[in-house]
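The structure appears right after this line, and notes come after that.
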Amino acid sequence: MDSPQITANLGRLFAKGARIVLWRDADGEFEEMLETLKIDGVDLRHLGSTPALALKTEIELEKPDGSFLLYEKGELPDPESDWLLDIRFYAELFAADRSTLILRELGLLEQSLRDHIAARGKFFASKERLGRAARFIEVGDNADAIDRALMTTILRADQPDMFSIVRHLLHTLDPHDLEAAPTAWQEFEKYGLVESFWSQMRSVFGYDDESPTLKALAMRLLVTDLGRAVDGGVPKALVNLVLPKKGAANAVVCIGQWRDSASLHTSYDALSGAIADLIKLSDHLGGLEIEELREARTFLAVEKFIASSLRDRIVDTADTLNIDTVRDIVARRQNGYWANAKLPSSPDAPRSALSGVYDALLSTAGFFDLRSQHLKGFASLDAKTLYDSYTAELFRFDQLYRKFCEAADLAEAAGWDILKSLRSKIEDVYGNWFLAGLAQRWGEQLDRGGLLKSWSVGQVHPQHEFFERNVAPRLKEAEDRRVFVIVSDAFRYEAAQELTGELNGRYRFTATIKSQLGVLPSYTGLGMASLLPHTSLAYSDNGNVLVDGKSSVGLVNRQKILATVGGTAILADDFMAMSKLEGREFIKPHRVIYIYHNQIDQTADTGNEDKTFQAVRTTIEELGNLVSRIINNLNGNYILATADHGFLYQEGAPTETDKNPIADKPVGTVISKKRYLLGKNLPDHAGAYHGTTAVTAEASGDMEFWVPRGTNRFHFVGGSRFVHGGAMPQEVIVPVIQVTQLKGKSAAKTRTRHVGISVLGNNFKITTSRYRFRLIQTEATSERIKPLQAKIAIYDGDEPVTNVETLSFESSSTDMNEWRQEVWLTLASQTFEKKKLYNLIVRNAETGVEEARMDVTIDLAFDNDF
């Protein structure tokens, strides 16, 4: 250290109020610089050249208020003969050796730490390292705390606590070579921190091996965390890897916080997988029940085991399934770590795929639960009863089947084949039980019930009256009324029902759904024409549908037809491509705007039928965006969304038994497709329903049709899994969604918000290291009240002193008992002040906003063990 530095350090001591500073320089290293050392207002005295008694007299009698710097080299004098002994006790000590100077720079007062600082000389040789370490060192820190600050500096961590150090250190491990020493560990060795690290591992976690390694530490931390979560503890083969009780609680908290770390959880994903392979975890899970693992989040292998076990349970108990139990299991797993779709996916943590697995399992459970309510078949007293049953409930079979296939396709695309056995099960039930049973009952109404000859179902309005029933009355209300009509090709009722719920969850929107009886055959040409304003429908010789004598094929012809009522038509893609100003200019001259959307039919009917359900999902999203554009950009306040027809689709390919072959097309055939045949003077056919479009669409003329019975096809050319044109409810029950923009107080009622959360109980006093908290939703979730995912932990100020757990509050049940949830929190093994208030904090996992905060006192009657 040079003269200016020493002068500055001495000056600071006197500036802080020291009157006498004793500078010990045992080796006389700095004696020569005394001649140049000047400090204003301070008398310098060399003890080797100034008589002790004279100096004592000067300090205490002659200049009792004066400031003195006493320099001394060599060995200390014998206390019995030291005239300055009393002065030594109250003088401020100063040393210019590097260790002492570092102590002072770090703000440490304990001279006993000099040797410890000296032993860390290599670390402090760098001013940059010294500066970074100083941020983590506080007055009163001991040797262990100093070492933690050094470790934190090396790891570039944020906090100098052992949990953070362990997480950051294990973050640097190579999961493909757990034996390899990471760079950070090599620095620990270089700067003499290894022994201190293992000593603190013994103290904090109870990890005490003869030859400790980072691999073994990671293994034991993770197995101990698993042991906390499994009822009855880990399998016997792994018991020897569980840490002692004294440190187990700290292991749980440390690992839980690692999983919760936004910056470090990726290393946890990879490392936990490597450890699971190392301990052969999958071999030890057999025999465990799902309920025993309900809190387990440590390993991906456990998540796979739970998903597989739940799949087997659903298959084995399909007829007696408890849907609430399945729903609870799925919610817990998707709220957890490995199947939480709100966290990013990676090869080490395929969360989207796993979440899809659980979505598929829940859809299957819902499907089988619905089937159990209809084991005796479907009511068919008359067509109206069966029709109403479909629109009220039976459509859910189609919806749940679609959702299962969507989720299963997602999982399988990611390489997960866990659902294959379940897929064959649900495919069989959907096709051979639901569709077959529904076709039989509906077919009875078409035949003996006379539906085919009357094509009328109670008060249900026919599709060809769409404009007169839904559009014209709105236009008649006032001259400034405008109606938007979205026509989505092949958008069937079950998907429209889902869209309605989604729209009702948006601000200022209110949506209602009803149905209309579609035309038959249920194909695009006739369906689209029936939705247009018209006085009459008819067929041209080539099979095109004429609207009031005009062709209805193509956008241009439909624009001409709509122009007669002050309307126009546009394709959805073109409409969405318009700017706000362009859109307003486009609609300005018109009172009726038809927007044609074609995603499902275009996808499935052009060689991509395996993407049918993907197209349905896209359609739901795009129609929602269309409605939002109309309301938010164009101030539209009356919107109708409908379809030309529905469809049938199964992922399993049909067989020859699903085919009603036509040996020869009858004379007079005009159009022949998989699910319908149009022609004139058609004979009856044993494999087909025979009717006229005059009855089913009020189309004038003598056009007749065949549609195959049930779900059969006439031929399989050009794809056969996606079909429409026939008479099944999925094809002819056409949705009509009415969306209205709300304003004022009505709009305010549509604001969405997250469900409220309350913590049950108060005056929490924790006396054990693990404590169960109970929480409850304050209301059921709905279209306007959204689910909330929350993170829960106990905090000391800003730092958690427990594991951080995640729960989702998403129950839509009216039973308040289903609103309750519980969470177990484990306290870190540390000293807690009995009279201090800690906080249980519940935060919105997405926004970080506090949802609840409760005071907690911690009074552990015994050592905080596990």
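Each chain of the structure tokens is named A, B, ... in the order shown, its residues numbered from 1; ligands are numbered from 1 in display order.
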
Any chance you could list, as a ChimeraX atom specification, the residues in range 570-674 of chain A that come up alpha helix (DSSP H) when DSSP is run on the backbone?
-> /A:572-577,580-587,600-604,612-634

What lies within 6 Å of Lys791 in chain A using only C-alpha atoms, ignoring chain neighbours under 6 positions off, as a list of chain:residue names?
->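 Skipping anything fewer than 6 positions along the chain leaves A:Glu805, A:Thr806, A:Val842, A:Arg843, A:Ala845.
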
Just write the chosen residues, N, CA, C and O atoms, as a compact mmCIF listing (two decimals), in the first residue's frame.
```txt
# COMPACT_ATOMS: atom_id res chain seq x y z
N GLU A 805 -44.94 -22.59 -3.42
CA GLU A 805 -45.83 -23.54 -4.08
C GLU A 805 -46.83 -22.81 -4.97
O GLU A 805 -47.13 -21.62 -4.77
N THR A 806 -47.35 -23.53 -5.96
CA THR A 806 -48.29 -22.95 -6.93
C THR A 806 -49.63 -23.69 -6.86
O THR A 806 -49.66 -24.92 -6.83
N VAL A 842 -49.81 -14.54 -0.83
CA VAL A 842 -50.38 -15.20 -2.00
C VAL A 842 -50.33 -14.22 -3.14
O VAL A 842 -50.93 -13.14 -3.08
N ARG A 843 -49.58 -14.58 -4.19
CA ARG A 843 -49.41 -13.67 -5.33
C ARG A 843 -49.97 -14.28 -6.61
O ARG A 843 -49.89 -15.49 -6.82
N ALA A 845 -49.60 -15.54 -9.98
CA ALA A 845 -48.39 -16.07 -10.60
C ALA A 845 -48.05 -15.37 -11.91
O ALA A 845 -46.89 -15.30 -12.31
```

Determine, counting only C-alpha atoms, which protein, DNA and RNA residues have an atom within 7 Å of an atom of Asp161 in chain A; residues of the same chain fewer than 3 positions away are not included. Present the result as an MDAnalysis selection string.
-> chainID A and resid 148 164:165

Next, the residues of the selection above should be written as a PDB file, in the first residue's frame with N, CA, C and O atoms.
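New file out_9.pdb:
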```pdb
ATOM      1  N   ARG A 148     -19.242 -17.111   2.279  1.00  0.00           N
ATOM      2  CA  ARG A 148     -20.464 -17.127   1.456  1.00  0.00           C
ATOM      3  C   ARG A 148     -20.478 -15.944   0.489  1.00  0.00           C
ATOM      4  O   ARG A 148     -20.921 -16.062  -0.660  1.00  0.00           O
ATOM      5  N   SER A 164     -29.073 -19.982  -2.106  1.00  0.00           N
ATOM      6  CA  SER A 164     -28.770 -19.363  -3.401  1.00  0.00           C
ATOM      7  C   SER A 164     -27.449 -19.889  -3.950  1.00  0.00           C
ATOM      8  O   SER A 164     -27.326 -20.166  -5.152  1.00  0.00           O
ATOM      9  N   ILE A 165     -26.446 -20.033  -3.069  1.00  0.00           N
ATOM     10  CA  ILE A 165     -25.139 -20.537  -3.507  1.00  0.00           C
ATOM     11  C   ILE A 165     -25.266 -21.946  -4.061  1.00  0.00           C
ATOM     12  O   ILE A 165     -24.718 -22.275  -5.128  1.00  0.00           O
TER      13      ILE A 165
END
```

Interatomic distance (Å, one decimal) between CA of Leu113 in chain A and CA of Leu22 in chain A = 18.9 Å

Neighbours of Pro212 in chain A within 12 Å (only C-alpha atoms; same-chain residues fewer than 3 positions away dropped), as JSON, numbers by chain?
-> {"A": [179, 194, 195, 197, 198, 199, 201, 202, 206, 207, 208, 209, 215, 216, 217, 218, 219, 220]}

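Within 10 Å of Tyr71 in chain A, once only C-alpha atoms are used and residues closer than 5 positions along the same chain are dropped, the contacting residues are Val21, Leu22, Trp23, Arg24, Asp25, Gly28, Phe30, Glu31, Leu34, Leu44, Arg45, His46, Leu47, Gly48, Phe94 and Ala95 of chain A.
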
Can you pull out every residue within 10 Å of Leu435 in chain A, counting only C-alpha atoms, but drop anything in the same chain fewer than 4 positions away, and send it as a PyMOL selection string?
-> chain A and resi 397-398+429-431+439-440+648+710-711+728-730

Write the residues you've just listed into a file as a JSON list (two decimals), in the first residue's frame, and include C-alpha atoms for each of them.
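So selection_25.json came out as:
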```json
[["chain", "number", "residue", "atom", "x", "y", "z"],
["A", 397, "PHE", "CA", -69.69, -35.99, -26.94],
["A", 398, "ASP", "CA", -68.47, -34.40, -30.16],
["A", 429, "VAL", "CA", -66.74, -45.69, -27.91],
["A", 430, "TYR", "CA", -67.20, -42.54, -29.98],
["A", 431, "GLY", "CA", -67.72, -44.36, -33.26],
["A", 439, "ALA", "CA", -77.53, -42.50, -35.98],
["A", 440, "GLN", "CA", -79.93, -45.28, -35.11],
["A", 648, "LEU", "CA", -68.64, -35.64, -39.32],
["A", 710, "GLY", "CA", -76.22, -43.21, -40.49],
["A", 711, "THR", "CA", -72.59, -42.20, -40.86],
["A", 728, "MET", "CA", -76.73, -36.63, -39.02],
["A", 729, "PRO", "CA", -77.33, -34.00, -36.29],
["A", 730, "GLN", "CA", -73.68, -32.93, -36.49]]
```

Using only C-alpha atoms, which of the listed residues (A:Val230, A:Ala331, A:Ala538, A:Leu281) sits closest to Thr692 in chain A?
-> A:Ala538

May I ask for the distance between CA of Asp231 in chain A and CA of Arg332 in chain A, given in Å to one decimal place?
-> 15.9 Å

Within range 422-562 of chain A, find each residue whose DSSP state, derived from the backbone, is strand (DSSP E), and express the selection as a VMD selection string.
-> chain A and resid 483 to 488 509 to 517 537 to 539 545 to 547 550 to 551

Considering only C-alpha atoms, return as a list in words whatever protein or nucleic-acid residues lie within 8 Å of Ala341 in chain A, sequence-local ones (same chain, fewer than 5 positions apart) excluded.
->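 In the requested form, the answer reads Gln334, Arg351, Ser352 and Ser355 of chain A.
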
Closest to Glu502 in chain A among A:Ser813, A:Ser672, A:Thr752, A:Ser345, using only C-alpha atoms?
->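 Among the listed residues, the smallest separation from Glu502 in chain A belongs to A:Thr752.
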